[in-house]
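Structure below is target-v4.cif: mmCIF, C-alpha atoms and all ligand atoms.
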data_data
loop_
_atom_site.label_atom_id
_atom_site.label_comp_id
_atom_site.auth_asym_id
_atom_site.auth_seq_id
_atom_site.Cartn_x
_atom_site.Cartn_y
_atom_site.Cartn_z
CA MET A 1 -12.46 89.24 61.69
CA ASN A 2 -10.09 89.76 64.60
CA HIS A 3 -11.53 88.88 67.99
CA ILE A 4 -11.27 92.43 69.35
CA LEU A 5 -13.15 93.86 66.38
CA ASN A 6 -15.64 91.05 66.61
CA LYS A 7 -16.21 91.83 70.28
CA LEU A 8 -16.79 95.50 69.47
CA HIS A 9 -19.19 94.48 66.70
CA GLU A 10 -21.12 92.23 69.10
CA ASP A 11 -21.32 95.13 71.55
CA HIS A 12 -22.93 97.21 68.81
CA LYS A 13 -25.58 94.56 68.28
CA ASN A 14 -26.43 94.67 71.98
CA ILE A 15 -26.39 98.45 72.13
CA SER A 16 -28.74 98.50 69.11
CA LYS A 17 -31.23 96.33 70.99
CA LEU A 18 -31.10 98.75 73.87
CA LEU A 19 -31.59 101.75 71.57
CA SER A 20 -34.64 100.04 70.00
CA PHE A 21 -36.09 99.67 73.50
CA LEU A 22 -35.39 103.36 74.16
CA GLU A 23 -37.01 104.30 70.84
CA HIS A 24 -40.14 102.46 71.84
CA GLN A 25 -40.19 104.19 75.24
CA LEU A 26 -39.73 107.53 73.50
CA TYR A 27 -42.67 106.73 71.22
CA LEU A 28 -44.85 105.99 74.27
CA LEU A 29 -43.69 109.14 76.04
CA GLU A 30 -44.44 111.28 73.00
CA LYS A 31 -47.91 109.76 72.68
CA CYS A 32 -48.49 110.37 76.41
CA GLU A 33 -49.00 106.66 76.86
CA ASN A 34 -47.63 104.73 79.81
CA SER A 35 -43.88 104.51 79.36
CA ASP A 36 -41.64 102.52 81.65
CA LEU A 37 -39.43 105.25 83.09
CA SER A 38 -37.83 102.99 85.63
CA THR A 39 -36.59 100.50 83.01
CA THR A 40 -35.61 103.41 80.77
CA LEU A 41 -33.45 104.66 83.62
CA ASP A 42 -31.87 101.20 83.93
CA ALA A 43 -31.11 101.25 80.20
CA ILE A 44 -29.33 104.59 80.52
CA LYS A 45 -27.45 103.31 83.57
CA TYR A 46 -26.25 100.46 81.38
CA MET A 47 -25.14 102.98 78.73
CA LYS A 48 -22.98 104.59 81.40
CA GLU A 49 -21.65 101.35 82.82
CA TYR A 50 -20.81 99.52 79.62
CA PRO A 51 -20.65 101.59 76.42
CA ASP A 52 -19.29 104.75 78.09
CA ASN A 53 -16.95 102.99 80.51
CA VAL A 54 -15.84 99.91 78.61
CA HIS A 55 -16.80 99.85 74.91
CA HIS A 56 -15.64 103.36 74.02
CA PRO A 57 -12.36 103.16 75.97
CA LEU A 58 -11.62 99.90 74.12
CA GLU A 59 -12.39 101.57 70.79
CA ASN A 60 -10.18 104.48 71.81
CA ILE A 61 -7.19 102.16 72.09
CA VAL A 62 -7.86 100.58 68.69
CA PHE A 63 -8.62 103.92 67.00
CA LYS A 64 -5.58 105.66 68.47
CA TYR A 65 -3.31 102.79 67.45
CA PHE A 66 -4.72 103.05 63.93
CA LEU A 67 -4.18 106.82 63.79
CA ASP A 68 -0.59 106.34 64.96
CA HIS A 69 0.18 103.88 62.19
CA HIS A 70 -2.11 104.64 59.25
CA GLU A 71 -3.40 107.61 57.35
CA GLN A 72 -6.84 106.41 56.24
CA ALA A 73 -10.08 107.87 57.63
CA ARG A 74 -8.13 110.23 59.89
CA GLU A 75 -10.85 112.86 60.01
CA GLU A 76 -13.68 110.41 60.67
CA ILE A 77 -11.81 108.50 63.39
CA THR A 78 -10.76 111.72 65.10
CA GLU A 79 -14.41 112.79 65.11
CA LEU A 80 -15.47 109.47 66.66
CA LEU A 81 -12.85 109.88 69.39
CA HIS A 82 -14.19 113.34 70.03
CA GLU A 83 -17.73 111.99 70.28
CA HIS A 84 -16.56 109.39 72.81
CA GLU A 85 -15.40 112.23 75.03
CA GLY A 86 -18.78 113.94 74.94
CA MET A 87 -20.98 110.88 75.36
CA PRO A 88 -20.63 110.37 79.13
CA ILE A 89 -21.86 113.95 79.65
CA LEU A 90 -24.95 113.25 77.52
CA THR A 91 -25.57 110.03 79.43
CA GLU A 92 -25.21 111.78 82.78
CA ASN A 93 -27.58 114.52 81.72
CA LEU A 94 -30.24 112.03 80.64
CA LEU A 95 -29.73 110.03 83.85
CA ARG A 96 -30.40 113.13 85.95
CA MET A 97 -33.53 113.97 83.94
CA LEU A 98 -34.93 110.45 84.30
CA GLU A 99 -34.14 110.32 88.00
CA GLY A 100 -35.92 113.65 88.36
CA ALA A 101 -38.95 112.41 86.43
CA LEU A 102 -39.12 109.32 88.61
CA ALA A 103 -38.87 111.43 91.75
CA ASP A 104 -41.76 113.57 90.48
CA VAL A 105 -39.57 116.64 90.13
CA PRO A 106 -41.64 118.91 87.89
CA GLN A 107 -40.19 119.01 84.39
CA LYS A 108 -41.48 119.29 80.90
CA ARG A 109 -42.25 116.00 79.23
CA GLU A 110 -41.21 117.63 75.93
CA GLU A 111 -37.75 118.32 77.34
CA LEU A 112 -37.26 114.72 78.38
CA CYS A 113 -38.53 113.54 74.98
CA SER A 114 -36.23 115.85 73.08
CA CYS A 115 -33.23 114.88 75.23
CA LEU A 116 -33.94 111.18 74.79
CA LYS A 117 -34.54 111.59 71.07
CA LYS A 118 -31.26 113.46 70.60
CA TYR A 119 -29.41 110.85 72.68
CA ILE A 120 -30.74 107.94 70.62
CA SER A 121 -29.95 109.64 67.34
CA ILE A 122 -26.38 110.54 68.39
CA GLN A 123 -25.73 106.96 69.52
CA LYS A 124 -27.18 105.48 66.34
CA GLU A 125 -25.29 107.77 63.98
CA HIS A 126 -22.08 107.16 65.87
CA MET A 127 -22.42 103.37 65.67
CA GLN A 128 -23.46 103.55 62.04
CA GLN A 129 -20.32 105.46 61.16
CA GLU A 130 -18.22 102.85 62.97
CA GLU A 131 -20.00 99.83 61.53
CA ALA A 132 -20.40 101.02 57.97
CA TYR A 133 -17.21 102.97 57.49
CA VAL A 134 -14.51 102.71 60.14
CA TYR A 135 -14.64 99.05 61.22
CA PRO A 136 -14.39 97.79 57.61
CA ILE A 137 -11.28 99.96 57.15
CA LEU A 138 -9.75 98.64 60.39
CA ASN A 139 -10.61 95.12 59.33
CA SER A 140 -8.99 95.43 55.94
CA ILE A 141 -5.87 97.37 56.94
CA LEU A 142 -4.81 96.08 60.35
CA ASP A 143 -2.94 92.80 60.11
CA GLU A 144 -2.25 90.10 62.70
CA ASN A 145 0.85 91.88 63.86
CA ASP A 146 -1.11 95.10 64.50
CA TRP A 147 -3.79 93.26 66.43
CA GLU A 148 -1.14 91.56 68.52
CA LYS A 149 0.28 94.95 69.47
CA ILE A 150 -3.21 96.23 70.30
CA ASP A 151 -3.78 93.10 72.37
CA ASN A 152 -0.57 93.84 74.28
CA GLU A 153 -1.67 97.39 74.87
CA LEU A 154 -4.97 96.14 76.25
CA ALA A 155 -3.14 93.74 78.54
CA HIS A 156 -1.19 96.67 79.94
CA MET A 157 -4.20 98.85 80.43
CA ALA A 158 -3.63 100.02 83.95
CA ASP A 159 -6.32 99.88 86.58
CA PRO A 160 -6.03 103.42 88.01
CA LEU A 161 -7.46 102.45 91.40
CA PHE A 162 -6.73 98.82 92.18
CA GLY A 163 -3.86 98.34 89.73
CA LYS A 164 -0.12 98.50 90.43
CA SER A 165 0.22 102.23 89.85
CA LEU A 166 -2.34 104.24 91.70
CA GLU A 167 -3.37 107.48 89.99
CA LYS A 168 -3.05 110.61 92.11
CA THR A 169 -6.75 111.39 91.65
CA TYR A 170 -7.69 108.17 93.41
CA GLN A 171 -5.32 108.31 96.38
CA GLY A 172 -8.02 109.73 98.68
CA LEU A 173 -10.59 107.28 97.46
CA LEU A 174 -8.32 104.30 98.03
CA LEU A 175 -7.60 105.46 101.57
CA GLN A 176 -11.34 105.61 102.24
CA ILE A 177 -11.86 102.13 100.82
CA ILE A 178 -9.09 100.41 102.73
CA SER A 179 -9.54 102.23 106.04
FE FE B 201 -17.61 104.50 69.40
FE FE B 202 -18.76 101.57 69.06
#
Please express the file's structure as structure tokens.
Amino acid sequence: MNHILNKLHEDHKNISKLLSFLEHQLYLLEKCENSDLSTTLDAIKYMKEYPDNVHHPLENIVFKYFLDHHEQAREEITELLHEHEGMPILTENLLRMLEGALADVPQKREELCSCLKKYISIQKEHMQQEEAYVYPILNSILDENDWEKIDNELAHMADPLFGKSLEKTYQGLLLQIIS
């Protein structure tokens, strides 16, 4: 397996561990037993910091390259890309709910449970589709030459804030940082 795909696969193993932890916390919450909300919040922070900000953008590059050069699994890959777009919103929503729960903001336990349950199931189904269907297709169709091109694209991934070309959105932010 190519090293990029292998890296993505290893990420999935780690994310699965995290989702198992979240499942256990959900179980405790549903049973009204003592759940560890603070560590649950840390787990969701991680989902924002790594899967949402690093893992999915890396997949986006691989998936988009594949769509540009091959016809297979077009519908499924397009759906995964679409899901990547929505995931940070789900993460943010859950983060806010957990922060509220920790700050004793009154809210229904059922709402938090249902939000967490939905979040876990979306993440699991998404990864399952990648692992069981899309990654094997990428692995069998993309050759060394393709992976080299993807590698090059990754190398040129621009840092929008600290990189050579500063994105307009971040001009104000950069000024604040350096002043
Ligand atoms: Fe993904
Ligand atoms: Fe993934």
Do you have the atom CA of Val134 of chain A-atom CA of Leu80 of chain A distance handy? 9.4 Å
Neighbouring residues of ligand FE 202 (chain B) are defined here as those with any atom at most 10 Å from a ligand atom, counting only C-alpha atoms and all ligand atoms; list them as JSON, numbers by chain. {"A": [5, 8, 9, 10, 11, 12, 13, 15, 51, 52, 55, 56, 57, 58, 59, 60, 80, 84, 123, 124, 126, 127, 128, 129, 130, 131, 134, 135]}
Quick one: everything within 8 Å of Leu22 of chain A, counting only C-alpha atoms, minus sequence neighbours fewer than 4 positions away in the same chain. Send it as a ChimeraX atom specification. /A:18,26,40,43,116,120
Please provide the set of residues having any atom within 12 Å of segment 139-148 of chain A, restricted to all atoms listed in the file, with same-chain residues fewer than 5 positions apart removed, written as number ranges by chain. A: 1-6, 8-9, 61-63, 65-73, 130-134, 153-155
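Across the model, the gap from atom CA of Met97 of chain A to atom CA of Leu29 of chain A is 13.7 Å.
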Of the listed residues A:Arg109, A:Glu83, A:Met47, A:Leu28, that which approaches ligand FE 201 (chain B) most closely, counting all atoms listed in the file: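 Smallest distance to ligand FE 201 (chain B) is found for A:Glu83.
Comparing the minimum interatomic distances between ligand FE 201 (chain B) and each of A:Arg96, A:Glu79, A:Leu102, A:Thr39, counting all atoms listed in the file, we find that A:Glu79 sits nearest.
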Expected answer as a list in words: all residues with atoms within 10 Å of (-46.7, 112.8, 77.4), only C-alpha atoms: Leu26, Tyr27, Leu28, Leu29, Glu30, Lys31, Cys32, Glu33, Asn34, Ser35, Lys108, Arg109, Glu110, Leu112 and Cys113 of chain A
Protein, DNA and RNA residues within 9 Å of (-29.8, 106.3, 78.9), all atoms listed in the file, as a ChimeraX atom specification: /A:19,22,40-48,90-95,98,116,119-120
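Each of A:Lys149, A:Leu138, A:Thr169, A:Gln176 was compared to Ile77 of chain A using only C-alpha atoms, and A:Leu138 turns out to be the nearest.
Between Glu99 of chain A and the residues A:Leu37, A:Val54, A:His24, A:Leu174, the shortest atom-to-atom distance, using all atoms listed in the file, involves A:Leu37.
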Axis-aligned box over every listed atom of segment 63-79 of chain A, padded by 4 Å per side: centre and edges in Å to one decimal, as lines of an AutoDock Vina configuration file?
center_x = -7.1
center_y = 107.8
center_z = 62.4
size_x = 22.6
size_y = 18.1
size_z = 20.2
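Distance-wise, atom CA of Pro136 of chain A and atom CA of Ile89 of chain A end up 28.3 Å apart.
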Please supply segment 144-156 of chain A, rebuilt with N, CA and C atoms, as a PDB file, in the coordinates of the input.
ATOM      1  N   GLU A 144      -2.392  90.866  61.444  1.00  0.00           N
ATOM      2  CA  GLU A 144      -2.250  90.100  62.700  1.00  0.00           C
ATOM      3  C   GLU A 144      -1.256  90.736  63.665  1.00  0.00           C
ATOM      4  N   ASN A 145      -0.184  91.254  63.060  1.00  0.00           N
ATOM      5  CA  ASN A 145       0.850  91.880  63.860  1.00  0.00           C
ATOM      6  C   ASN A 145       0.308  93.121  64.592  1.00  0.00           C
ATOM      7  N   ASP A 146      -0.488  93.913  63.864  1.00  0.00           N
ATOM      8  CA  ASP A 146      -1.110  95.100  64.500  1.00  0.00           C
ATOM      9  C   ASP A 146      -2.002  94.682  65.655  1.00  0.00           C
ATOM     10  N   TRP A 147      -2.828  93.675  65.403  1.00  0.00           N
ATOM     11  CA  TRP A 147      -3.790  93.260  66.430  1.00  0.00           C
ATOM     12  C   TRP A 147      -3.063  92.694  67.664  1.00  0.00           C
ATOM     13  N   GLU A 148      -1.916  92.085  67.398  1.00  0.00           N
ATOM     14  CA  GLU A 148      -1.140  91.560  68.520  1.00  0.00           C
ATOM     15  C   GLU A 148      -0.641  92.711  69.393  1.00  0.00           C
ATOM     16  N   LYS A 149      -0.198  93.778  68.712  1.00  0.00           N
ATOM     17  CA  LYS A 149       0.280  94.950  69.470  1.00  0.00           C
ATOM     18  C   LYS A 149      -0.867  95.591  70.244  1.00  0.00           C
ATOM     19  N   ILE A 150      -2.043  95.656  69.611  1.00  0.00           N
ATOM     20  CA  ILE A 150      -3.210  96.230  70.300  1.00  0.00           C
ATOM     21  C   ILE A 150      -3.576  95.366  71.507  1.00  0.00           C
ATOM     22  N   ASP A 151      -3.523  94.055  71.286  1.00  0.00           N
ATOM     23  CA  ASP A 151      -3.780  93.100  72.370  1.00  0.00           C
ATOM     24  C   ASP A 151      -2.851  93.361  73.550  1.00  0.00           C
ATOM     25  N   ASN A 152      -1.565  93.565  73.230  1.00  0.00           N
ATOM     26  CA  ASN A 152      -0.570  93.840  74.280  1.00  0.00           C
ATOM     27  C   ASN A 152      -0.895  95.121  75.020  1.00  0.00           C
ATOM     28  N   GLU A 153      -1.320  96.119  74.250  1.00  0.00           N
ATOM     29  CA  GLU A 153      -1.670  97.390  74.870  1.00  0.00           C
ATOM     30  C   GLU A 153      -2.837  97.203  75.832  1.00  0.00           C
ATOM     31  N   LEU A 154      -3.792  96.405  75.417  1.00  0.00           N
ATOM     32  CA  LEU A 154      -4.970  96.140  76.250  1.00  0.00           C
ATOM     33  C   LEU A 154      -4.553  95.430  77.534  1.00  0.00           C
ATOM     34  N   ALA A 155      -3.604  94.497  77.382  1.00  0.00           N
ATOM     35  CA  ALA A 155      -3.140  93.740  78.540  1.00  0.00           C
ATOM     36  C   ALA A 155      -2.475  94.650  79.557  1.00  0.00           C
ATOM     37  N   HIS A 156      -1.895  95.757  79.036  1.00  0.00           N
ATOM     38  CA  HIS A 156      -1.190  96.670  79.940  1.00  0.00           C
ATOM     39  C   HIS A 156      -2.046  97.845  80.392  1.00  0.00           C
TER      40      HIS A 156
END
